[in-house]
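> Here you go, protein.cif (mmCIF, C-alpha atoms):
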data_upload
#
loop_
_atom_site.label_atom_id
_atom_site.label_comp_id
_atom_site.auth_asym_id
_atom_site.auth_seq_id
_atom_site.Cartn_x
_atom_site.Cartn_y
_atom_site.Cartn_z
CA MET A 1031 -7.86 -40.79 -15.90
CA THR A 1032 -7.88 -37.24 -14.55
CA PRO A 1033 -10.82 -36.81 -12.14
CA ILE A 1034 -13.69 -34.62 -13.33
CA VAL A 1035 -16.08 -32.61 -11.16
CA SER A 1036 -19.07 -30.79 -12.66
CA ILE A 1037 -20.32 -27.53 -11.19
CA VAL A 1038 -23.98 -27.37 -12.12
CA GLY A 1039 -26.92 -25.16 -11.29
CA LYS A 1040 -29.54 -22.90 -12.84
CA SER A 1041 -28.57 -19.82 -14.83
CA ASP A 1042 -27.24 -17.07 -12.59
CA SER A 1043 -26.91 -19.38 -9.60
CA GLY A 1044 -23.22 -18.39 -9.38
CA LYS A 1045 -21.41 -21.23 -11.17
CA THR A 1046 -18.77 -19.12 -12.94
CA THR A 1047 -18.13 -17.04 -9.81
CA LEU A 1048 -17.61 -20.17 -7.71
CA ILE A 1049 -15.26 -21.68 -10.33
CA GLU A 1050 -13.38 -18.41 -10.57
CA LYS A 1051 -12.64 -18.56 -6.84
CA LEU A 1052 -12.12 -22.33 -6.71
CA ILE A 1053 -9.35 -22.40 -9.34
CA PRO A 1054 -6.86 -20.21 -7.42
CA GLU A 1055 -7.72 -22.05 -4.19
CA LEU A 1056 -6.85 -25.42 -5.76
CA ILE A 1057 -3.71 -23.96 -7.35
CA ARG A 1058 -2.65 -22.61 -3.95
CA ARG A 1059 -2.93 -26.19 -2.66
CA GLY A 1060 -0.51 -27.39 -5.32
CA TYR A 1061 -2.82 -28.76 -8.01
CA ARG A 1062 -2.96 -28.03 -11.71
CA VAL A 1063 -6.49 -27.29 -12.83
CA GLY A 1064 -8.27 -27.57 -16.17
CA THR A 1065 -11.80 -26.45 -17.04
CA ILE A 1066 -14.42 -27.33 -19.61
CA LYS A 1067 -17.24 -25.04 -20.67
CA HIS A 1068 -20.05 -26.18 -22.88
CA ASP A 1069 -21.25 -23.90 -25.62
CA ALA A 1070 -24.45 -24.76 -27.45
CA HIS A 1071 -23.91 -22.11 -30.09
CA GLN A 1072 -21.29 -21.52 -32.73
CA PHE A 1073 -18.80 -19.90 -30.42
CA ASP A 1074 -16.53 -17.29 -31.86
CA ILE A 1075 -12.91 -17.95 -31.10
CA ASP A 1076 -11.40 -17.55 -34.56
CA HIS A 1077 -10.92 -13.92 -35.52
CA PRO A 1078 -12.02 -13.08 -39.07
CA GLY A 1079 -9.09 -12.11 -41.26
CA LYS A 1080 -6.38 -13.69 -39.10
CA ASP A 1081 -4.22 -16.31 -40.80
CA SER A 1082 -5.52 -19.08 -38.54
CA TRP A 1083 -9.08 -18.04 -39.34
CA ARG A 1084 -8.27 -18.21 -43.06
CA HIS A 1085 -6.93 -21.76 -42.56
CA ARG A 1086 -10.20 -22.82 -40.91
CA GLN A 1087 -12.30 -21.11 -43.57
CA ALA A 1088 -10.35 -23.00 -46.23
CA GLY A 1089 -11.42 -26.25 -44.57
CA ALA A 1090 -8.60 -27.26 -42.23
CA ASP A 1091 -9.87 -29.83 -39.78
CA THR A 1092 -7.64 -28.73 -36.92
CA VAL A 1093 -5.76 -25.43 -36.58
CA VAL A 1094 -3.15 -24.75 -33.92
CA ILE A 1095 -1.77 -21.34 -33.01
CA SER A 1096 1.40 -21.73 -31.01
CA SER A 1097 3.29 -19.14 -28.97
CA PRO A 1098 5.99 -19.36 -26.29
CA ALA A 1099 3.44 -19.12 -23.46
CA LYS A 1100 0.33 -20.81 -24.76
CA ALA A 1101 -1.17 -22.81 -27.57
CA ALA A 1102 -4.71 -22.63 -28.94
CA ILE A 1103 -6.31 -25.44 -30.87
CA VAL A 1104 -9.57 -25.29 -32.80
CA THR A 1105 -10.72 -28.65 -34.07
CA THR A 1106 -13.75 -29.93 -35.94
CA VAL A 1107 -15.72 -32.67 -34.24
CA ARG A 1108 -18.18 -35.01 -35.89
CA SER A 1109 -20.29 -35.17 -32.76
CA GLU A 1110 -19.94 -33.38 -29.48
CA LEU A 1111 -17.07 -34.69 -27.38
CA THR A 1112 -17.88 -36.37 -24.10
CA LEU A 1113 -16.15 -35.27 -20.92
CA ASP A 1114 -14.14 -38.51 -20.94
CA ASP A 1115 -13.02 -37.86 -24.54
CA MET A 1116 -11.80 -34.42 -23.54
CA ALA A 1117 -10.14 -35.57 -20.34
CA ALA A 1118 -8.22 -38.18 -22.31
CA ALA A 1119 -7.22 -35.88 -25.15
CA TYR A 1120 -6.48 -32.56 -23.48
CA PHE A 1121 -6.09 -32.88 -19.74
CA GLY A 1122 -3.31 -35.42 -19.24
CA ASP A 1123 -1.25 -32.65 -17.69
CA VAL A 1124 -3.60 -31.43 -14.97
CA ASP A 1125 -4.67 -32.95 -11.64
CA ILE A 1126 -8.36 -32.14 -11.86
CA VAL A 1127 -10.88 -30.97 -14.43
CA ILE A 1128 -13.74 -28.68 -13.36
CA THR A 1129 -16.64 -28.43 -15.78
CA GLU A 1130 -19.08 -25.56 -15.86
CA GLY A 1131 -22.43 -27.18 -16.54
CA TYR A 1132 -22.73 -30.66 -18.08
CA LYS A 1133 -25.64 -31.59 -15.86
CA SER A 1134 -26.65 -34.44 -18.17
CA GLU A 1135 -23.32 -36.28 -18.02
CA ASN A 1136 -23.06 -38.50 -14.97
CA LYS A 1137 -19.93 -37.02 -13.39
CA PRO A 1138 -19.83 -36.24 -9.66
CA LYS A 1139 -21.48 -32.87 -9.18
CA ILE A 1140 -21.49 -29.84 -6.99
CA GLU A 1141 -24.77 -28.05 -7.41
CA VAL A 1142 -24.89 -24.32 -6.82
CA LEU A 1143 -28.21 -23.10 -5.39
CA GLY A 1144 -28.99 -19.42 -5.85
CA GLU A 1145 -30.90 -17.25 -3.36
CA ASN A 1146 -33.99 -18.96 -1.98
CA SER A 1147 -33.71 -21.95 -4.31
CA VAL A 1148 -34.88 -25.26 -2.97
CA GLU A 1149 -34.92 -27.60 -5.96
CA LEU A 1150 -31.94 -29.38 -7.42
CA ILE A 1151 -31.66 -29.63 -11.20
CA SER A 1152 -29.51 -32.79 -10.94
CA PRO A 1153 -30.37 -36.32 -9.84
CA ARG A 1154 -29.66 -36.39 -6.09
CA SER A 1155 -27.45 -39.46 -6.44
CA GLU A 1156 -24.94 -37.50 -8.56
CA VAL A 1157 -24.61 -34.51 -6.22
CA PHE A 1158 -22.02 -34.90 -3.46
CA LEU A 1159 -22.13 -31.28 -2.32
CA VAL A 1160 -24.51 -28.37 -2.46
CA ALA A 1161 -23.02 -24.86 -2.50
CA ALA A 1162 -25.90 -22.76 -1.31
CA ALA A 1163 -26.61 -19.04 -1.27
CA ALA A 1164 -28.25 -17.50 1.79
CA GLY A 1165 -31.75 -18.82 2.21
CA ALA A 1166 -31.24 -21.77 -0.12
CA ASN A 1167 -32.02 -25.22 1.16
CA GLY A 1168 -29.45 -27.95 0.64
CA ALA A 1169 -32.19 -30.56 0.23
CA GLY A 1170 -30.62 -32.94 2.72
CA ILE A 1171 -27.34 -33.24 0.80
CA PRO A 1172 -24.09 -32.16 2.52
CA SER A 1173 -24.02 -28.45 2.07
CA VAL A 1174 -21.66 -25.48 2.42
CA SER A 1175 -22.12 -21.79 1.79
CA ARG A 1176 -21.65 -20.75 -1.83
CA ASP A 1177 -19.00 -18.33 -0.56
CA ASP A 1178 -17.05 -20.95 1.41
CA VAL A 1179 -14.50 -21.69 -1.28
CA ALA A 1180 -12.11 -23.42 1.13
CA GLY A 1181 -14.95 -25.73 2.18
CA VAL A 1182 -15.71 -26.63 -1.43
CA ALA A 1183 -12.00 -27.20 -2.14
CA ASP A 1184 -11.72 -29.41 0.98
CA GLU A 1185 -14.47 -31.69 -0.32
CA ILE A 1186 -12.91 -31.92 -3.80
CA GLU A 1187 -9.47 -32.56 -2.38
CA THR A 1188 -10.65 -35.29 0.00
CA ARG A 1189 -12.76 -37.07 -2.58
CA PHE A 1190 -10.72 -36.81 -5.76
CA LEU A 1191 -7.20 -35.59 -5.26
CA LYS A 1192 -5.59 -37.26 -2.29
CA ILE A 1193 -6.54 -40.70 -3.44
CA SER A 1194 -6.23 -40.56 -7.16
CA ARG A 1195 -2.99 -38.81 -8.06
CA PRO A 1196 -1.45 -41.07 -10.67
CA ALA A 1197 1.70 -43.03 -10.03
CA VAL A 1198 4.80 -41.73 -11.73
CA VAL A 1199 5.16 -43.19 -15.20
CA GLU A 1200 8.19 -42.16 -17.19
CA LEU A 1201 9.46 -43.30 -20.52
CA LEU A 1202 12.98 -42.25 -21.39
CA VAL A 1203 14.51 -42.73 -24.82
CA ASP A 1204 18.23 -42.12 -25.03
CA GLY A 1205 17.91 -40.40 -21.68
CA LYS A 1206 15.29 -37.96 -22.93
CA PRO A 1207 11.84 -38.05 -21.33
CA ILE A 1208 9.03 -38.70 -23.82
CA PRO A 1209 5.86 -36.74 -23.07
CA LEU A 1210 2.99 -39.07 -22.17
CA ASN A 1211 -0.58 -38.05 -21.61
CA ALA A 1212 -2.78 -39.67 -18.97
CA ILE A 1213 -4.05 -42.45 -21.24
CA MET A 1214 -0.58 -43.28 -22.49
CA LYS A 1215 0.73 -43.34 -18.91
CA ALA A 1216 -2.07 -45.70 -17.93
CA MET A 1217 -1.39 -47.85 -20.99
CA VAL A 1218 2.33 -48.08 -20.28
CA ALA A 1219 1.74 -48.72 -16.55
CA ASN A 1220 -0.88 -51.39 -17.16
CA THR A 1221 1.14 -53.12 -19.88
CA VAL A 1222 4.31 -53.22 -17.82
CA MET A 1223 2.57 -54.19 -14.57
CA GLY A 1224 0.60 -56.82 -16.47
CA MET A 1225 3.75 -58.39 -17.89
CA ALA A 1226 5.59 -58.21 -14.58
CA SER A 1227 2.74 -59.63 -12.51
CA SER A 1228 3.10 -62.99 -14.24
CA LEU A 1229 6.75 -63.28 -13.20
CA LYS A 1230 7.71 -65.09 -10.05
CA GLY A 1231 8.74 -62.89 -7.14
CA VAL A 1232 7.28 -59.68 -8.47
CA GLY A 1233 4.23 -59.38 -6.24
CA SER A 1234 2.93 -55.80 -6.05
CA PRO A 1235 6.01 -53.66 -6.50
CA ASN A 1236 6.00 -49.98 -5.64
CA ARG A 1237 8.54 -49.33 -8.31
CA LEU A 1238 9.33 -51.07 -11.54
CA GLU A 1239 11.79 -50.16 -14.25
CA ILE A 1240 12.45 -51.62 -17.64
CA ARG A 1241 15.65 -50.75 -19.39
CA LEU A 1242 16.45 -51.63 -22.96
CA HIS A 1243 19.91 -50.95 -24.29
CA LYS A 1244 21.81 -51.70 -27.41
CA GLY A 1245 25.43 -52.63 -26.89
CA ARG A 1246 27.20 -53.64 -23.73
CA LYS A 1247 25.53 -53.91 -20.37
CA ARG A 1248 26.39 -51.01 -18.13
CA ALA A 1249 28.44 -51.55 -15.04
CA MET B 1021 3.54 -39.80 -37.06
CA THR B 1022 1.44 -37.51 -39.26
CA PRO B 1023 3.67 -35.97 -41.95
CA ILE B 1024 4.43 -32.26 -41.62
CA VAL B 1025 5.23 -29.84 -44.46
CA SER B 1026 6.29 -26.26 -43.75
CA ILE B 1027 5.34 -23.43 -46.10
CA VAL B 1028 8.02 -20.79 -45.59
CA GLY B 1029 8.99 -17.52 -47.24
CA LYS B 1030 9.49 -13.85 -46.54
CA SER B 1031 6.64 -11.66 -45.30
CA ASP B 1032 4.09 -11.02 -48.04
CA SER B 1033 5.53 -13.70 -50.31
CA GLY B 1034 2.08 -15.32 -50.43
CA LYS B 1035 2.27 -18.10 -47.82
CA THR B 1036 -1.24 -17.72 -46.41
CA THR B 1037 -2.75 -17.39 -49.86
CA LEU B 1038 -1.02 -20.55 -51.05
CA ILE B 1039 -2.13 -22.47 -47.94
CA GLU B 1040 -5.67 -21.18 -48.35
CA LYS B 1041 -5.81 -22.68 -51.85
CA LEU B 1042 -3.87 -25.83 -50.97
CA ILE B 1043 -6.19 -26.94 -48.15
CA PRO B 1044 -9.33 -27.37 -50.32
CA GLU B 1045 -7.23 -28.99 -53.07
CA LEU B 1046 -5.95 -31.65 -50.61
CA ILE B 1047 -9.44 -32.12 -49.15
CA ARG B 1048 -10.80 -32.64 -52.68
CA ARG B 1049 -8.24 -35.44 -53.04
CA GLY B 1050 -9.61 -37.16 -49.96
CA TYR B 1051 -7.20 -36.04 -47.25
CA ARG B 1052 -7.88 -34.47 -43.88
CA VAL B 1053 -5.69 -31.43 -43.31
CA GLY B 1054 -4.42 -29.69 -40.18
CA THR B 1055 -2.46 -26.45 -39.96
CA ILE B 1056 -0.10 -24.81 -37.50
CA LYS B 1057 0.59 -21.10 -37.33
CA HIS B 1058 3.29 -19.61 -35.14
CA ASP B 1059 2.55 -16.49 -33.18
CA ALA B 1060 5.38 -14.68 -31.49
CA HIS B 1061 3.08 -12.36 -29.56
CA GLN B 1062 0.43 -12.89 -26.91
CA PHE B 1063 -2.29 -13.81 -29.34
CA ASP B 1064 -5.81 -12.94 -28.41
CA ILE B 1065 -8.14 -15.89 -28.64
CA ASP B 1066 -9.88 -15.66 -25.29
CA HIS B 1067 -12.61 -13.03 -25.23
CA PRO B 1068 -12.61 -10.82 -22.13
CA GLY B 1069 -15.70 -11.37 -20.01
CA LYS B 1070 -16.63 -14.79 -21.44
CA ASP B 1071 -16.82 -17.64 -18.93
CA SER B 1072 -13.89 -19.45 -20.54
CA TRP B 1073 -11.81 -16.24 -20.35
CA ARG B 1074 -12.69 -15.94 -16.64
CA HIS B 1075 -11.48 -19.53 -16.09
CA ARG B 1076 -8.13 -18.69 -17.72
CA GLN B 1077 -7.81 -15.45 -15.77
CA ALA B 1078 -8.41 -17.41 -12.57
CA GLY B 1079 -5.37 -19.56 -13.42
CA ALA B 1080 -6.73 -22.64 -15.19
CA ASP B 1081 -3.92 -24.37 -17.02
CA THR B 1082 -6.07 -25.68 -19.85
CA VAL B 1083 -9.54 -24.50 -20.85
CA VAL B 1084 -11.75 -26.29 -23.35
CA ILE B 1085 -14.87 -24.84 -24.96
CA SER B 1086 -16.90 -27.62 -26.50
CA SER B 1087 -19.81 -27.39 -28.94
CA PRO B 1088 -21.52 -29.92 -31.21
CA ALA B 1089 -19.44 -28.88 -34.25
CA LYS B 1090 -16.07 -27.86 -32.84
CA ALA B 1091 -13.91 -27.69 -29.77
CA ALA B 1092 -11.42 -25.01 -28.81
CA ILE B 1093 -8.60 -25.59 -26.38
CA VAL B 1094 -6.33 -22.97 -24.86
CA THR B 1095 -3.46 -24.42 -22.91
CA THR B 1096 -0.48 -23.01 -21.04
CA VAL B 1097 2.93 -24.23 -22.17
CA ARG B 1098 6.13 -24.03 -20.19
CA SER B 1099 8.15 -23.61 -23.37
CA GLU B 1100 7.08 -23.34 -26.95
CA LEU B 1101 5.84 -26.63 -28.38
CA THR B 1102 7.82 -28.20 -31.20
CA LEU B 1103 6.08 -29.28 -34.38
CA ASP B 1104 6.55 -32.92 -33.37
CA ASP B 1105 4.95 -32.21 -29.95
CA MET B 1106 1.94 -30.69 -31.67
CA ALA B 1107 1.65 -33.40 -34.31
CA ALA B 1108 1.61 -36.03 -31.56
CA ALA B 1109 -0.85 -34.22 -29.33
CA TYR B 1110 -3.35 -32.65 -31.69
CA PHE B 1111 -3.12 -34.08 -35.20
CA GLY B 1112 -3.67 -37.81 -34.78
CA ASP B 1113 -6.85 -37.45 -36.79
CA VAL B 1114 -5.53 -35.76 -39.93
CA ASP B 1115 -3.46 -37.07 -42.85
CA ILE B 1116 -1.11 -34.12 -43.19
CA VAL B 1117 -0.11 -31.03 -41.25
CA ILE B 1118 0.77 -27.83 -43.10
CA THR B 1119 2.66 -25.22 -41.11
CA GLU B 1120 2.75 -21.55 -41.99
CA GLY B 1121 6.30 -20.50 -41.25
CA TYR B 1122 8.57 -22.47 -38.89
CA LYS B 1123 11.61 -21.94 -41.05
CA SER B 1124 13.96 -22.84 -38.21
CA GLU B 1125 12.54 -26.30 -37.59
CA ASN B 1126 13.99 -28.87 -39.94
CA LYS B 1127 10.77 -30.13 -41.55
CA PRO B 1128 10.53 -30.57 -45.34
CA LYS B 1129 9.78 -27.17 -46.80
CA ILE B 1130 8.07 -25.48 -49.69
CA GLU B 1131 9.48 -21.99 -50.05
CA VAL B 1132 7.29 -19.31 -51.56
CA LEU B 1133 9.23 -16.70 -53.53
CA GLY B 1134 7.52 -13.36 -54.09
CA GLU B 1135 7.85 -11.21 -57.21
CA ASN B 1136 11.44 -10.88 -58.39
CA SER B 1137 12.87 -12.70 -55.37
CA VAL B 1138 15.96 -14.77 -55.94
CA GLU B 1139 17.20 -15.70 -52.48
CA LEU B 1140 15.87 -18.52 -50.35
CA ILE B 1141 15.49 -17.92 -46.62
CA SER B 1142 15.79 -21.66 -45.89
CA PRO B 1143 18.75 -24.01 -46.12
CA ARG B 1144 18.60 -25.46 -49.67
CA SER B 1145 18.74 -29.02 -48.35
CA GLU B 1146 15.40 -28.60 -46.56
CA VAL B 1147 13.48 -27.19 -49.53
CA PHE B 1148 11.95 -29.79 -51.85
CA LEU B 1149 9.89 -27.34 -53.88
CA VAL B 1150 9.90 -23.65 -54.71
CA ALA B 1151 6.55 -21.97 -55.39
CA ALA B 1152 7.59 -18.92 -57.35
CA ALA B 1153 5.83 -15.72 -58.37
CA ALA B 1154 6.40 -14.36 -61.87
CA GLY B 1155 9.99 -13.28 -62.29
CA ALA B 1156 11.22 -15.18 -59.24
CA ASN B 1157 14.09 -17.57 -59.68
CA GLY B 1158 13.76 -21.07 -58.24
CA ALA B 1159 17.47 -21.16 -57.43
CA GLY B 1160 17.95 -24.54 -59.08
CA ILE B 1161 15.43 -26.32 -56.86
CA PRO B 1162 12.38 -28.00 -58.48
CA SER B 1163 9.96 -25.18 -58.99
CA VAL B 1164 6.32 -24.53 -59.86
CA SER B 1165 4.33 -21.35 -60.22
CA ARG B 1166 2.99 -19.97 -56.94
CA ASP B 1167 -0.47 -20.14 -58.54
CA ASP B 1168 -0.18 -23.79 -59.59
CA VAL B 1169 -1.94 -25.25 -56.56
CA ALA B 1170 -2.50 -28.64 -58.24
CA GLY B 1171 1.25 -28.83 -58.94
CA VAL B 1172 2.08 -28.11 -55.30
CA ALA B 1173 -0.51 -30.66 -54.12
CA ASP B 1174 0.92 -33.27 -56.55
CA GLU B 1175 4.36 -32.90 -54.97
CA ILE B 1176 2.99 -33.16 -51.43
CA GLU B 1177 0.84 -36.16 -52.31
CA THR B 1178 3.67 -38.04 -54.02
CA ARG B 1179 6.19 -37.40 -51.29
CA PHE B 1180 4.16 -37.65 -48.10
CA LEU B 1181 0.70 -39.07 -48.57
CA LYS B 1182 0.76 -42.05 -50.87
CA ILE B 1183 3.54 -43.74 -48.98
CA SER B 1184 2.84 -42.89 -45.37
CA ARG B 1185 -0.83 -43.41 -44.66
CA PRO B 1186 -0.88 -45.41 -41.46
CA ALA B 1187 -2.12 -48.98 -41.32
CA VAL B 1188 -5.50 -49.45 -39.71
CA VAL B 1189 -5.19 -49.83 -35.97
CA GLU B 1190 -8.39 -50.37 -34.04
CA LEU B 1191 -9.02 -51.12 -30.42
CA LEU B 1192 -12.52 -52.24 -29.51
CA VAL B 1193 -13.74 -52.61 -25.96
CA ASP B 1194 -17.07 -54.36 -25.56
CA GLY B 1195 -17.56 -53.77 -29.25
CA LYS B 1196 -17.09 -50.01 -28.96
CA PRO B 1197 -14.15 -48.43 -30.80
CA ILE B 1198 -11.77 -46.54 -28.51
CA PRO B 1199 -10.37 -43.33 -30.03
CA LEU B 1200 -6.61 -43.60 -30.55
CA ASN B 1201 -4.36 -40.80 -31.68
CA ALA B 1202 -1.40 -41.37 -33.98
CA ILE B 1203 1.10 -42.10 -31.20
CA MET B 1204 -1.26 -44.47 -29.46
CA LYS B 1205 -1.95 -46.28 -32.76
CA ALA B 1206 1.77 -46.64 -33.34
CA MET B 1207 2.27 -47.85 -29.77
CA VAL B 1208 -0.48 -50.46 -30.05
CA ALA B 1209 0.72 -51.57 -33.50
CA ASN B 1210 4.34 -51.86 -32.45
CA THR B 1211 3.53 -53.65 -29.19
CA VAL B 1212 1.26 -56.17 -30.84
CA MET B 1213 3.52 -56.73 -33.85
CA GLY B 1214 6.49 -57.01 -31.52
CA MET B 1215 4.79 -59.69 -29.44
CA ALA B 1216 3.52 -61.56 -32.47
CA SER B 1217 6.80 -61.50 -34.36
CA SER B 1218 8.38 -63.77 -31.76
CA LEU B 1219 5.74 -66.45 -32.36
CA LYS B 1220 6.30 -69.27 -34.79
CA GLY B 1221 4.43 -69.00 -38.07
CA VAL B 1222 3.58 -65.31 -37.79
CA GLY B 1223 6.03 -63.89 -40.31
CA SER B 1224 4.91 -60.47 -41.60
CA PRO B 1225 1.15 -60.58 -41.42
CA ASN B 1226 -1.00 -58.06 -43.22
CA ARG B 1227 -3.63 -58.36 -40.58
CA LEU B 1228 -3.47 -59.28 -36.94
CA GLU B 1229 -6.19 -59.36 -34.34
CA ILE B 1230 -6.13 -59.95 -30.63
CA ARG B 1231 -9.36 -60.77 -28.87
CA LEU B 1232 -9.76 -60.97 -25.14
CA HIS B 1233 -13.04 -62.17 -23.69
CA LYS B 1234 -14.35 -63.02 -20.33
CA GLY B 1235 -16.59 -66.06 -20.18
CA ARG B 1236 -17.12 -68.74 -22.78
CA LYS B 1237 -15.37 -68.83 -26.10
CA ARG B 1238 -17.62 -67.74 -28.91
CA ALA B 1239 -18.68 -70.22 -31.56
#
Re-express the file's structure as structure tokens.

Amino acid sequence: MTPIVSIVGKSDSGKTTLIEKLIPELIRRGYRVGTIKHDAHQFDIDHPGKDSWRHRQAGADTVVISSPAKAAIVTTVRSELTLDDMAAAYFGDVDIVITEGYKSENKPKIEVLGENSVELISPRSEVFLVAAAAGANGAGIPSVSRDDVAGVADEIETRFLKISRPAVVELLVDGKPIPLNAIMKAMVANTVMGMASSLKGVGSPNRLEIRLHKGRKRA
Amino acid sequence: MTPIVSIVGKSDSGKTTLIEKLIPELIRRGYRVGTIKHDAHQFDIDHPGKDSWRHRQAGADTVVISSPAKAAIVTTVRSELTLDDMAAAYFGDVDIVITEGYKSENKPKIEVLGENSVELISPRSEVFLVAAAAGANGAGIPSVSRDDVAGVADEIETRFLKISRPAVVELLVDGKPIPLNAIMKAMVANTVMGMASSLKGVGSPNRLEIRLHKGRKRA
């Protein structure tokens, strides 16, 4: 599962600004980054009159707009998606997911403290780093300056990226790679490793391949 | 895989209008509908200044905005997604996907012919139905009026829905259902059926369950 870090804090503590600087810093270090933003209201992303908007108005459950550079998906949910739901469905392709807010989900958190703040809004046990403005008090939790983006990225990298990058899982059909999201990769890896582990002499391999062919065995 | 039907036709032939009427007709018949619209340009779905827009501007690969009723995802693609890519990734939860356009992909097509049109823009072999305006000529392919939405829905239902609704595939962990998209359902079904088919006495079961428990066997 792609690791998730939540950037939490009071309104105007500087969450969006920190995320805005953190994303390019993580990209510069070679990671692909996804973000999740919660919206309590009926957010407006469909444009009235556009064809895709007309599809949604007519009752389509999910509408995709696809272009050569990006795709946008608007989908109806029966109840609000959890961060794990979203990580599984939409973030198989990134190395880390940063959420803005989501203080009530129990993901590891960086809390941003605005000027002269002293109280955390999150349970202390969930906060691994405080990013504090001048005059703010880190409340005894490891703390960096809110402007020290490299320091924040260092903590994220050490805790979540260097240890948890997924093993390579590839599935090729007739030589063509089949796209697999994170859950499917985990499912394939666990299934194959599970099968193999019961065979004599397999142990804990670093690499395992299964090849199925019709016809004659290749030389 | 969720079935895909493409509604194609020249500009202003009435594609969006037909889709707009077709969606509620299919919903009334008990189906969940998804749509895909192609956009050749840099479509504008992120709103400048919004937090999610700032995340994208900062370089985030995928941005999700989540609310209690819907979720919106904007994701970078390295090359344009195919219809099969999108069906696999985003439409596991619907019964049918209707695309507006996509004449060059080889999905089954309904071509809409505007007033006095006689020429199809699609290869005849890919068109199973013509939805024709007054005075248009169906070119020898089975044809209904462009306004006969029930007739169009009948054709779609007969060809794609009554025969291809997927079998029920459920995965429960500690009693809690795990969400599975269409590909994952197919993968689980094929894996389990594949394993079971090699066992004596299994034959072609209509129902198959696997239960793994730690601890004592239940009564």
> Contacts from chain A to chain B, 8 Å maximum, only C-alpha atoms: show me the residue list as number ranges by chain.
A: 1046, 1049-1051, 1053-1054, 1057, 1062-1073, 1075-1077, 1081-1082, 1084-1085, 1088-1111, 1119-1121, 1124, 1214
> Let me see the file: selected residues, C-alpha atoms, as a tab-separated table (two decimals), keeping the file's coordinate frame.

chain	number	residue	atom	x	y	z
A	1046	THR	CA	-18.77	-19.12	-12.94
A	1049	ILE	CA	-15.26	-21.68	-10.33
A	1050	GLU	CA	-13.38	-18.41	-10.57
A	1051	LYS	CA	-12.64	-18.56	-6.84
A	1053	ILE	CA	-9.35	-22.40	-9.34
A	1054	PRO	CA	-6.86	-20.21	-7.42
A	1057	ILE	CA	-3.71	-23.96	-7.35
A	1062	ARG	CA	-2.96	-28.03	-11.71
A	1063	VAL	CA	-6.49	-27.29	-12.83
A	1064	GLY	CA	-8.27	-27.57	-16.17
A	1065	THR	CA	-11.80	-26.45	-17.04
A	1066	ILE	CA	-14.42	-27.33	-19.61
A	1067	LYS	CA	-17.24	-25.04	-20.67
A	1068	HIS	CA	-20.05	-26.18	-22.88
A	1069	ASP	CA	-21.25	-23.90	-25.62
A	1070	ALA	CA	-24.45	-24.76	-27.45
A	1071	HIS	CA	-23.91	-22.11	-30.09
A	1072	GLN	CA	-21.29	-21.52	-32.73
A	1073	PHE	CA	-18.80	-19.90	-30.42
A	1075	ILE	CA	-12.91	-17.95	-31.10
A	1076	ASP	CA	-11.40	-17.55	-34.56
A	1077	HIS	CA	-10.92	-13.92	-35.52
A	1081	ASP	CA	-4.22	-16.31	-40.80
A	1082	SER	CA	-5.52	-19.08	-38.54
A	1084	ARG	CA	-8.27	-18.21	-43.06
A	1085	HIS	CA	-6.93	-21.76	-42.56
A	1088	ALA	CA	-10.35	-23.00	-46.23
A	1089	GLY	CA	-11.42	-26.25	-44.57
A	1090	ALA	CA	-8.60	-27.26	-42.23
A	1091	ASP	CA	-9.87	-29.83	-39.78
A	1092	THR	CA	-7.64	-28.73	-36.92
A	1093	VAL	CA	-5.76	-25.43	-36.58
A	1094	VAL	CA	-3.15	-24.75	-33.92
A	1095	ILE	CA	-1.77	-21.34	-33.01
A	1096	SER	CA	1.40	-21.73	-31.01
A	1097	SER	CA	3.29	-19.14	-28.97
A	1098	PRO	CA	5.99	-19.36	-26.29
A	1099	ALA	CA	3.44	-19.12	-23.46
A	1100	LYS	CA	0.33	-20.81	-24.76
A	1101	ALA	CA	-1.17	-22.81	-27.57
A	1102	ALA	CA	-4.71	-22.63	-28.94
A	1103	ILE	CA	-6.31	-25.44	-30.87
A	1104	VAL	CA	-9.57	-25.29	-32.80
A	1105	THR	CA	-10.72	-28.65	-34.07
A	1106	THR	CA	-13.75	-29.93	-35.94
A	1107	VAL	CA	-15.72	-32.67	-34.24
A	1108	ARG	CA	-18.18	-35.01	-35.89
A	1109	SER	CA	-20.29	-35.17	-32.76
A	1110	GLU	CA	-19.94	-33.38	-29.48
A	1111	LEU	CA	-17.07	-34.69	-27.38
A	1119	ALA	CA	-7.22	-35.88	-25.15
A	1120	TYR	CA	-6.48	-32.56	-23.48
A	1121	PHE	CA	-6.09	-32.88	-19.74
A	1124	VAL	CA	-3.60	-31.43	-14.97
A	1214	MET	CA	-0.58	-43.28	-22.49
> Might you spell out which residues the PyMOL selection byres ((chain A and resi 1036) around 7) would select in the displayed file, as number ranges by chain?
A: 1034-1035, 1037-1038, 1128-1132, 1137-1140
> Calculate how many Å separate CA of Ala1173 (chain B) from CA of Pro1143 (chain B), rounding to one decimal.
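Computing the Euclidean distance for CA of Ala1173 (chain B) and CA of Pro1143 (chain B) yields 21.9 Å.
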> In Å, with one decimal, what is the gap from CA of Glu1135 (chain A) to CA of Thr1032 (chain A)?
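Answer for the CA of Glu1135 (chain A) to CA of Thr1032 (chain A) separation: 15.9 Å.
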> Please give the centre and size of the box around region 1162-1175 of chain A (axis-aligned, containing every atom listed in the file, 8 Å added per side), with values in Å to one decimal and written as JSON.

{"center_x": -26.9, "center_y": -25.4, "center_z": 0.7, "size_x": 26.5, "size_y": 31.7, "size_z": 20.0}
